[in-house]
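To be precise, the following lines are final32.cif, and they hold mmCIF, C-alpha atoms; chains and numbers go by the auth columns.
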```
data_query
loop_
_atom_site.group_PDB
_atom_site.id
_atom_site.type_symbol
_atom_site.label_atom_id
_atom_site.label_comp_id
_atom_site.label_asym_id
_atom_site.label_seq_id
_atom_site.Cartn_x
_atom_site.Cartn_y
_atom_site.Cartn_z
_atom_site.B_iso_or_equiv
_atom_site.auth_seq_id
_atom_site.auth_asym_id
ATOM 1 C CA THR A 1 172.121 19.781 27.858 0.00 1 F
ATOM 2 C CA ASN A 2 175.181 17.622 27.301 0.00 2 F
ATOM 3 C CA VAL A 3 175.620 17.883 23.534 0.00 3 F
ATOM 4 C CA GLU A 4 178.362 15.251 23.533 0.00 4 F
ATOM 5 C CA ARG A 5 176.164 12.617 25.158 0.00 5 F
ATOM 6 C CA PHE A 6 173.060 13.674 23.243 0.00 6 F
ATOM 7 C CA ARG A 7 174.125 13.896 19.616 0.00 7 F
ATOM 8 C CA PRO A 8 172.680 12.703 16.331 0.00 8 F
ATOM 9 C CA VAL A 9 173.225 9.067 15.392 0.00 9 F
ATOM 10 C CA PRO A 10 172.350 7.921 11.845 0.00 10 F
ATOM 11 C CA ARG A 11 168.815 6.550 12.014 0.00 11 F
ATOM 12 C CA ASP A 12 169.560 3.075 10.670 0.00 12 F
ATOM 13 C CA GLU A 13 172.581 2.726 12.957 0.00 13 F
ATOM 14 C CA ALA A 14 170.513 3.795 15.966 0.00 14 F
ATOM 15 C CA ARG A 15 167.741 1.324 15.131 0.00 15 F
ATOM 16 C CA HIS A 16 170.266 -1.448 14.736 0.00 16 F
ATOM 17 C CA GLN A 17 171.748 -0.616 18.147 0.00 17 F
ATOM 18 C CA VAL A 18 168.394 -0.877 19.920 0.00 18 F
ATOM 19 C CA GLY A 19 166.847 -3.639 17.805 0.00 19 F
ATOM 20 C CA LEU A 20 164.108 -1.709 16.015 0.00 20 F
ATOM 21 C CA ASP A 21 162.655 -2.268 12.552 0.00 21 F
ATOM 22 C CA HIS A 22 164.380 -0.112 9.945 0.00 22 F
ATOM 23 C CA THR A 23 161.273 0.477 7.835 0.00 23 F
ATOM 24 C CA ASP A 24 158.732 1.781 10.371 0.00 24 F
ATOM 25 C CA LEU A 25 157.786 5.448 10.686 0.00 25 F
ATOM 26 C CA LEU A 26 158.566 5.820 14.361 0.00 26 F
ATOM 27 C CA ILE A 27 156.986 8.295 16.774 0.00 27 F
ATOM 28 C CA THR A 28 159.007 8.305 19.981 0.00 28 F
ATOM 29 C CA TYR A 29 158.253 9.280 23.572 0.00 29 F
ATOM 30 C CA VAL A 30 161.044 9.269 26.146 0.00 30 F
ATOM 31 C CA GLY A 31 160.356 10.221 29.744 0.00 31 F
ATOM 32 C CA ARG A 32 158.748 9.483 33.049 0.00 32 F
ATOM 33 C CA MET A 33 155.564 7.465 33.131 0.00 33 F
ATOM 34 C CA LEU A 34 153.259 9.778 35.049 0.00 34 F
ATOM 35 C CA PRO A 35 149.662 10.866 34.367 0.00 35 F
ATOM 36 C CA ARG A 36 150.712 14.525 33.993 0.00 36 F
ATOM 37 C CA LYS A 37 153.054 13.557 31.143 0.00 37 F
ATOM 38 C CA ASP A 38 149.874 12.530 29.292 0.00 38 F
ATOM 39 C CA VAL A 39 151.325 9.772 27.156 0.00 39 F
ATOM 40 C CA ARG A 40 147.675 8.744 26.890 0.00 40 F
ATOM 41 C CA ASN A 41 147.236 11.782 24.640 0.00 41 F
ATOM 42 C CA ILE A 42 149.863 10.375 22.263 0.00 42 F
ATOM 43 C CA VAL A 43 148.190 6.958 22.166 0.00 43 F
ATOM 44 C CA ARG A 44 144.849 8.610 21.395 0.00 44 F
ATOM 45 C CA ALA A 45 146.460 10.635 18.596 0.00 45 F
ATOM 46 C CA LEU A 46 148.034 7.487 17.152 0.00 46 F
ATOM 47 C CA ALA A 47 144.573 5.931 16.941 0.00 47 F
ATOM 48 C CA LEU A 48 143.496 8.842 14.727 0.00 48 F
ATOM 49 C CA LEU A 49 146.313 8.248 12.247 0.00 49 F
ATOM 50 C CA PRO A 50 146.301 5.733 9.398 0.00 50 F
ATOM 51 C CA THR A 51 148.180 2.489 9.905 0.00 51 F
ATOM 52 C CA LEU A 52 150.535 3.174 6.994 0.00 52 F
ATOM 53 C CA THR A 53 152.220 6.201 5.481 0.00 53 F
ATOM 54 C CA ALA A 54 151.645 7.102 1.836 0.00 54 F
ATOM 55 C CA ASP A 55 154.743 5.083 0.899 0.00 55 F
ATOM 56 C CA GLY A 56 153.674 2.029 2.893 0.00 56 F
ATOM 57 C CA ARG A 57 155.650 2.397 6.128 0.00 57 F
ATOM 58 C CA ARG A 58 153.957 1.279 9.345 0.00 58 F
ATOM 59 C CA ILE A 59 153.294 4.150 11.751 0.00 59 F
ATOM 60 C CA LYS A 60 154.302 3.020 15.238 0.00 60 F
ATOM 61 C CA LEU A 61 154.742 4.562 18.669 0.00 61 F
ATOM 62 C CA LEU A 62 157.799 3.755 20.785 0.00 62 F
ATOM 63 C CA ILE A 63 157.477 4.490 24.515 0.00 63 F
ATOM 64 C CA VAL A 64 160.703 4.596 26.525 0.00 64 F
ATOM 65 C CA GLY A 65 160.406 4.923 30.297 0.00 65 F
ATOM 66 C CA GLY A 66 159.232 3.316 33.490 0.00 66 F
ATOM 67 C CA GLU A 67 160.474 2.118 36.843 0.00 67 F
ATOM 68 C CA SER A 68 162.158 -1.032 35.522 0.00 68 F
ATOM 69 C CA SER A 69 164.079 -2.110 32.439 0.00 69 F
ATOM 70 C CA ALA A 70 161.147 -4.286 31.393 0.00 70 F
ATOM 71 C CA PRO A 71 157.784 -2.625 30.652 0.00 71 F
ATOM 72 C CA ASP A 72 156.150 -3.986 33.789 0.00 72 F
ATOM 73 C CA ARG A 73 152.662 -2.745 34.652 0.00 73 F
ATOM 74 C CA SER A 74 153.037 -3.823 38.284 0.00 74 F
ATOM 75 C CA SER A 75 156.074 -1.606 38.916 0.00 75 F
ATOM 76 C CA THR A 76 154.845 1.155 36.593 0.00 76 F
ATOM 77 C CA PRO A 77 151.032 1.403 36.811 0.00 77 F
ATOM 78 C CA GLU A 78 150.871 3.996 34.038 0.00 78 F
ATOM 79 C CA ILE A 79 152.211 1.416 31.590 0.00 79 F
ATOM 80 C CA GLY A 80 149.229 -0.778 32.416 0.00 80 F
ATOM 81 C CA VAL A 81 146.871 2.133 31.804 0.00 81 F
ATOM 82 C CA LEU A 82 148.503 2.818 28.440 0.00 82 F
ATOM 83 C CA GLN A 83 148.457 -0.831 27.400 0.00 83 F
ATOM 84 C CA ASP A 84 144.761 -1.064 28.214 0.00 84 F
ATOM 85 C CA LEU A 85 144.039 2.179 26.366 0.00 85 F
ATOM 86 C CA ALA A 86 145.950 1.017 23.290 0.00 86 F
ATOM 87 C CA GLY A 87 143.962 -2.214 23.342 0.00 87 F
ATOM 88 C CA ASP A 88 140.651 -0.390 23.656 0.00 88 F
ATOM 89 C CA LEU A 89 141.555 1.886 20.729 0.00 89 F
ATOM 90 C CA GLY A 90 142.733 -0.974 18.534 0.00 90 F
ATOM 91 C CA VAL A 91 146.359 0.140 18.286 0.00 91 F
ATOM 92 C CA ALA A 92 148.043 -2.283 20.713 0.00 92 F
ATOM 93 C CA GLU A 93 150.151 -3.819 17.931 0.00 93 F
ATOM 94 C CA ARG A 94 151.378 -0.352 16.934 0.00 94 F
ATOM 95 C CA VAL A 95 152.631 0.640 20.396 0.00 95 F
ATOM 96 C CA GLN A 96 155.938 -0.713 21.686 0.00 96 F
ATOM 97 C CA PHE A 97 157.062 -0.314 25.304 0.00 97 F
ATOM 98 C CA VAL A 98 160.732 -0.810 26.141 0.00 98 F
ATOM 99 C CA GLY A 99 160.889 0.201 29.803 0.00 99 F
ATOM 100 C CA LYS A 100 163.543 2.295 31.508 0.00 100 F
ATOM 101 C CA ARG A 101 166.848 2.934 29.742 0.00 101 F
ATOM 102 C CA GLN A 102 170.086 4.440 31.041 0.00 102 F
ATOM 103 C CA PRO A 103 171.093 7.956 29.896 0.00 103 F
ATOM 104 C CA ASP A 104 174.091 6.735 27.907 0.00 104 F
ATOM 105 C CA VAL A 105 171.863 4.833 25.456 0.00 105 F
ATOM 106 C CA LEU A 106 168.992 7.306 25.193 0.00 106 F
ATOM 107 C CA ARG A 107 170.586 9.061 22.221 0.00 107 F
ATOM 108 C CA ASP A 108 170.049 5.867 20.225 0.00 108 F
ATOM 109 C CA TYR A 109 166.348 5.845 21.090 0.00 109 F
ATOM 110 C CA TYR A 110 165.925 9.529 20.243 0.00 110 F
ATOM 111 C CA SER A 111 167.874 9.098 16.998 0.00 111 F
ATOM 112 C CA ALA A 112 165.926 5.967 16.060 0.00 112 F
ATOM 113 C CA GLY A 113 162.723 7.984 15.950 0.00 113 F
ATOM 114 C CA ASP A 114 161.450 10.051 13.046 0.00 114 F
ATOM 115 C CA ILE A 115 159.490 12.385 15.333 0.00 115 F
ATOM 116 C CA VAL A 116 159.758 12.851 19.096 0.00 116 F
ATOM 117 C CA VAL A 117 156.582 13.775 20.972 0.00 117 F
ATOM 118 C CA THR A 118 156.052 15.118 24.484 0.00 118 F
ATOM 119 C CA THR A 119 152.648 16.556 25.367 0.00 119 F
ATOM 120 C CA PRO A 120 152.314 16.954 29.147 0.00 120 F
ATOM 121 C CA TRP A 121 149.524 19.109 30.462 0.00 121 F
ATOM 122 C CA TYR A 122 151.934 20.508 33.064 0.00 122 F
ATOM 123 C CA GLU A 123 155.706 20.888 32.711 0.00 123 F
ATOM 124 C CA PRO A 124 157.894 23.389 34.624 0.00 124 F
ATOM 125 C CA PHE A 125 160.741 23.094 32.091 0.00 125 F
ATOM 126 C CA GLY A 126 161.370 19.685 30.533 0.00 126 F
ATOM 127 C CA LEU A 127 164.763 18.270 29.583 0.00 127 F
ATOM 128 C CA THR A 128 163.634 15.550 27.195 0.00 128 F
ATOM 129 C CA PRO A 129 162.650 17.969 24.393 0.00 129 F
ATOM 130 C CA LEU A 130 166.156 19.441 24.528 0.00 130 F
ATOM 131 C CA GLU A 131 167.749 15.999 24.526 0.00 131 F
ATOM 132 C CA ALA A 132 165.708 15.038 21.467 0.00 132 F
ATOM 133 C CA MET A 133 166.599 18.304 19.740 0.00 133 F
ATOM 134 C CA ALA A 134 170.284 17.740 20.517 0.00 134 F
ATOM 135 C CA CYS A 135 169.926 14.393 18.743 0.00 135 F
ATOM 136 C CA GLY A 136 168.669 16.196 15.650 0.00 136 F
ATOM 137 C CA ARG A 137 165.027 15.208 15.854 0.00 137 F
ATOM 138 C CA PRO A 138 161.967 17.437 15.365 0.00 138 F
ATOM 139 C CA VAL A 139 159.836 17.682 18.498 0.00 139 F
ATOM 140 C CA ILE A 140 156.087 18.035 18.767 0.00 140 F
ATOM 141 C CA GLY A 141 155.371 19.409 22.221 0.00 141 F
ATOM 142 C CA SER A 142 152.483 20.850 24.156 0.00 142 F
ATOM 143 C CA ALA A 143 152.537 24.623 24.461 0.00 143 F
ATOM 144 C CA VAL A 144 153.016 24.651 28.233 0.00 144 F
ATOM 145 C CA GLY A 145 155.805 25.621 30.618 0.00 145 F
ATOM 146 C CA GLY A 146 159.346 25.464 29.334 0.00 146 F
ATOM 147 C CA ILE A 147 158.394 23.478 26.234 0.00 147 F
ATOM 148 C CA ALA A 148 156.697 26.564 24.795 0.00 148 F
ATOM 149 C CA PHE A 149 160.118 28.263 24.956 0.00 149 F
ATOM 150 C CA THR A 150 162.525 25.493 24.002 0.00 150 F
ATOM 151 C CA VAL A 151 160.581 24.218 20.978 0.00 151 F
ATOM 152 C CA GLN A 152 160.310 26.885 18.284 0.00 152 F
ATOM 153 C CA ASP A 153 156.991 26.332 16.561 0.00 153 F
ATOM 154 C CA GLY A 154 157.507 25.784 12.854 0.00 154 F
ATOM 155 C CA VAL A 155 161.309 25.885 13.175 0.00 155 F
ATOM 156 C CA THR A 156 162.522 23.070 15.430 0.00 156 F
ATOM 157 C CA GLY A 157 159.183 21.313 15.701 0.00 157 F
ATOM 158 C CA LEU A 158 155.528 22.045 16.327 0.00 158 F
ATOM 159 C CA LEU A 159 153.567 23.173 19.382 0.00 159 F
ATOM 160 C CA VAL A 160 150.061 21.904 20.088 0.00 160 F
ATOM 161 C CA PRO A 161 147.509 22.487 22.844 0.00 161 F
ATOM 162 C CA PRO A 162 147.681 19.998 25.719 0.00 162 F
ATOM 163 C CA ARG A 163 144.987 17.346 26.088 0.00 163 F
ATOM 164 C CA ASP A 164 144.032 17.632 22.408 0.00 164 F
ATOM 165 C CA PRO A 165 144.703 14.382 20.517 0.00 165 F
ATOM 166 C CA ARG A 166 143.141 15.730 17.323 0.00 166 F
ATOM 167 C CA ALA A 167 145.549 18.672 17.255 0.00 167 F
ATOM 168 C CA LEU A 168 148.431 16.314 17.942 0.00 168 F
ATOM 169 C CA ALA A 169 147.300 13.944 15.189 0.00 169 F
ATOM 170 C CA ALA A 170 147.153 16.872 12.757 0.00 170 F
ATOM 171 C CA ALA A 171 150.695 17.940 13.689 0.00 171 F
ATOM 172 C CA LEU A 172 151.943 14.372 13.338 0.00 172 F
ATOM 173 C CA SER A 173 150.251 14.048 9.945 0.00 173 F
ATOM 174 C CA GLN A 174 151.997 17.219 8.786 0.00 174 F
ATOM 175 C CA LEU A 175 155.451 15.919 9.673 0.00 175 F
ATOM 176 C CA ILE A 176 154.782 12.342 8.564 0.00 176 F
ATOM 177 C CA ALA A 177 153.889 13.642 5.099 0.00 177 F
ATOM 178 C CA GLN A 178 156.986 15.844 4.808 0.00 178 F
ATOM 179 C CA PRO A 179 160.285 14.025 5.391 0.00 179 F
ATOM 180 C CA THR A 180 162.275 16.993 4.089 0.00 180 F
ATOM 181 C CA LEU A 181 160.635 19.257 6.668 0.00 181 F
ATOM 182 C CA ARG A 182 161.460 16.733 9.389 0.00 182 F
ATOM 183 C CA GLU A 183 165.116 16.811 8.391 0.00 183 F
ATOM 184 C CA GLN A 184 165.169 20.620 8.254 0.00 184 F
ATOM 185 C CA MET A 185 163.593 20.895 11.688 0.00 185 F
ATOM 186 C CA GLY A 186 165.990 18.304 13.078 0.00 186 F
ATOM 187 C CA ARG A 187 169.005 20.277 11.894 0.00 187 F
ATOM 188 C CA ALA A 188 167.542 23.506 13.268 0.00 188 F
ATOM 189 C CA ALA A 189 166.826 21.766 16.573 0.00 189 F
ATOM 190 C CA ARG A 190 170.430 20.617 16.987 0.00 190 F
ATOM 191 C CA ALA A 191 171.713 24.095 16.101 0.00 191 F
ATOM 192 C CA ARG A 192 169.381 25.732 18.635 0.00 192 F
ATOM 193 C CA VAL A 193 170.588 23.500 21.454 0.00 193 F
ATOM 194 C CA GLU A 194 174.238 24.093 20.543 0.00 194 F
ATOM 195 C CA ARG A 195 173.613 27.834 20.475 0.00 195 F
ATOM 196 C CA GLU A 196 171.331 28.306 23.467 0.00 196 F
ATOM 197 C CA PHE A 197 171.228 25.326 25.817 0.00 197 F
ATOM 198 C CA THR A 198 174.657 23.820 26.423 0.00 198 F
ATOM 199 C CA TRP A 199 175.768 23.757 30.056 0.00 199 F
ATOM 200 C CA ALA A 200 178.639 26.119 29.176 0.00 200 F
ATOM 201 C CA THR A 201 176.228 28.645 27.674 0.00 201 F
ATOM 202 C CA VAL A 202 173.854 28.444 30.630 0.00 202 F
ATOM 203 C CA ALA A 203 176.740 28.865 33.099 0.00 203 F
ATOM 204 C CA ALA A 204 178.130 31.874 31.215 0.00 204 F
ATOM 205 C CA ARG A 205 174.729 33.571 31.126 0.00 205 F
ATOM 206 C CA THR A 206 174.177 32.915 34.820 0.00 206 F
ATOM 207 C CA ALA A 207 177.580 34.400 35.684 0.00 207 F
ATOM 208 C CA ALA A 208 176.879 37.436 33.501 0.00 208 F
ATOM 209 C CA LEU A 209 173.534 37.945 35.237 0.00 209 F
ATOM 210 C CA TYR A 210 175.187 37.863 38.669 0.00 210 F
ATOM 211 C CA ASP A 211 177.792 40.390 37.487 0.00 211 F
ATOM 212 C CA GLU A 212 175.032 42.668 36.218 0.00 212 F
ATOM 213 C CA LEU A 213 173.083 42.395 39.471 0.00 213 F
ATOM 214 C CA ILE A 214 176.181 43.205 41.520 0.00 214 F
ATOM 215 C CA GLU A 215 176.969 46.224 39.341 0.00 215 F
ATOM 216 C CA THR A 216 173.449 47.609 39.623 0.00 216 F
ATOM 217 C CA ALA A 217 172.967 46.851 43.331 0.00 217 F
ATOM 218 C CA PRO A 218 173.096 49.677 45.928 0.00 218 F
ATOM 219 C CA THR A 219 176.645 50.482 47.072 0.00 219 F
ATOM 220 C CA ALA A 220 176.255 49.037 50.595 0.00 220 F
ATOM 221 C CA LEU A 221 174.797 45.785 49.277 0.00 221 F
ATOM 222 C CA ARG A 222 177.515 45.558 46.632 0.00 222 F
ATOM 223 C CA SER A 223 180.212 46.001 49.264 0.00 223 F
ATOM 224 C CA ARG A 224 178.790 43.186 51.370 0.00 224 F
ATOM 225 C CA SER A 225 178.554 40.927 48.301 0.00 225 F
ATOM 226 C CA VAL A 226 182.158 41.580 47.273 0.00 226 F
ATOM 227 C CA GLY A 227 183.369 41.160 50.848 0.00 227 F
ATOM 228 C CA ALA A 228 181.714 37.790 51.061 0.00 228 F
ATOM 229 C CA LEU A 229 183.669 36.462 48.070 0.00 229 F
#
```
Representation of the structure as structure tokens:
Amino acid sequence: TNVERFRPVPRDEARHQVGLDHTDLLITYVGRMLPRKDVRNIVRALALLPTLTADGRRIKLLIVGGESSAPDRSSTPEIGVLQDLAGDLGVAERVQFVGKRQPDVLRDYYSAGDIVVTTPWYEPFGLTPLEAMACGRPVIGSAVGGIAFTVQDGVTGLLVPPRDPRALAAALSQLIAQPTLREQMGRAARARVEREFTWATVAARTAALYDELIETAPTALRSRSVGAL
């Protein structure tokens, strides 16, 4: 993860940059608009939450992603599915779609959110949780694939079962009710990325692994490997 590109931006500054209301409690999804990403799960969870927080802030969902810069259901069919679902569940006015955004502005969208959510039912690794963590935001993720490793449950965010909107709603309720916990998790998330997931750290660990494999390889194989360098 590029921790220079993805870095915390003060929430109000980030919202000003991208034109979002400063008072809303914002749940954010950033990513590809595919069925396996199960953004539908997030919309269903939103419908289980109250409209307002205890202190009167509107609870809204911001969805960033798609095939075009405008949230167009013709170019991104999944957006149409989500819009219809939000309408059916009575939360259409609480869901905002902004379409595709370039990487250099994504930090503002991550930082604008209070909580970042990603609950795919299948995910080999997943970069967006790390990007959100690098921006100092707590992440609620499904306990699948790489997300189960990158998000530390109870430390940098919360893990929930996939395809379970009630579990997701419960996790969201927990973080919505505890702003101090959100801030603590956000700081821990940034620290974890800086410690474990920078490109420099990944490269150094990969090089060390190759060195270890060469040292422990049989002599003939090691000779061929060294000769090839």
Apply the PyMOL selection byres ((chain F and resi 15) around 12) to the structure shown and report the selected residues as a PyMOL selection string. chain F and resi 9-14+16-26+62+105-114
Take the PyMOL selection byres ((chain F and resi 158-160) around 8), run it mentally on this structure, and tell me the resulting residues as number ranges by chain. F: 119, 138-143, 148, 151-157, 161-162, 164, 167-168, 171
Atomic distance CA of Glu4 in chain F - CA of Gln96 in chain F, expressed in Å with one decimal: 27.6 Å
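CA of Ala132 in chain F is found 12.1 Å from CA of Ile147 in chain F.
Listed by chain and then by number, the residues chosen by the PyMOL selection byres ((chain F and resi 38) around 10) in this file are Met33, Leu34, Pro35, Arg36, Lys37, Val39, Arg40, Asn41, Ile42, Val43, Glu78, Leu82, Thr118, Thr119, Pro120, Trp121, Tyr122, Pro162 and Arg163 of chain F.
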Pairwise distance for CA of Phe6 in chain F and CA of Glu131 in chain F, rounded to one decimal in Å: 5.9 Å
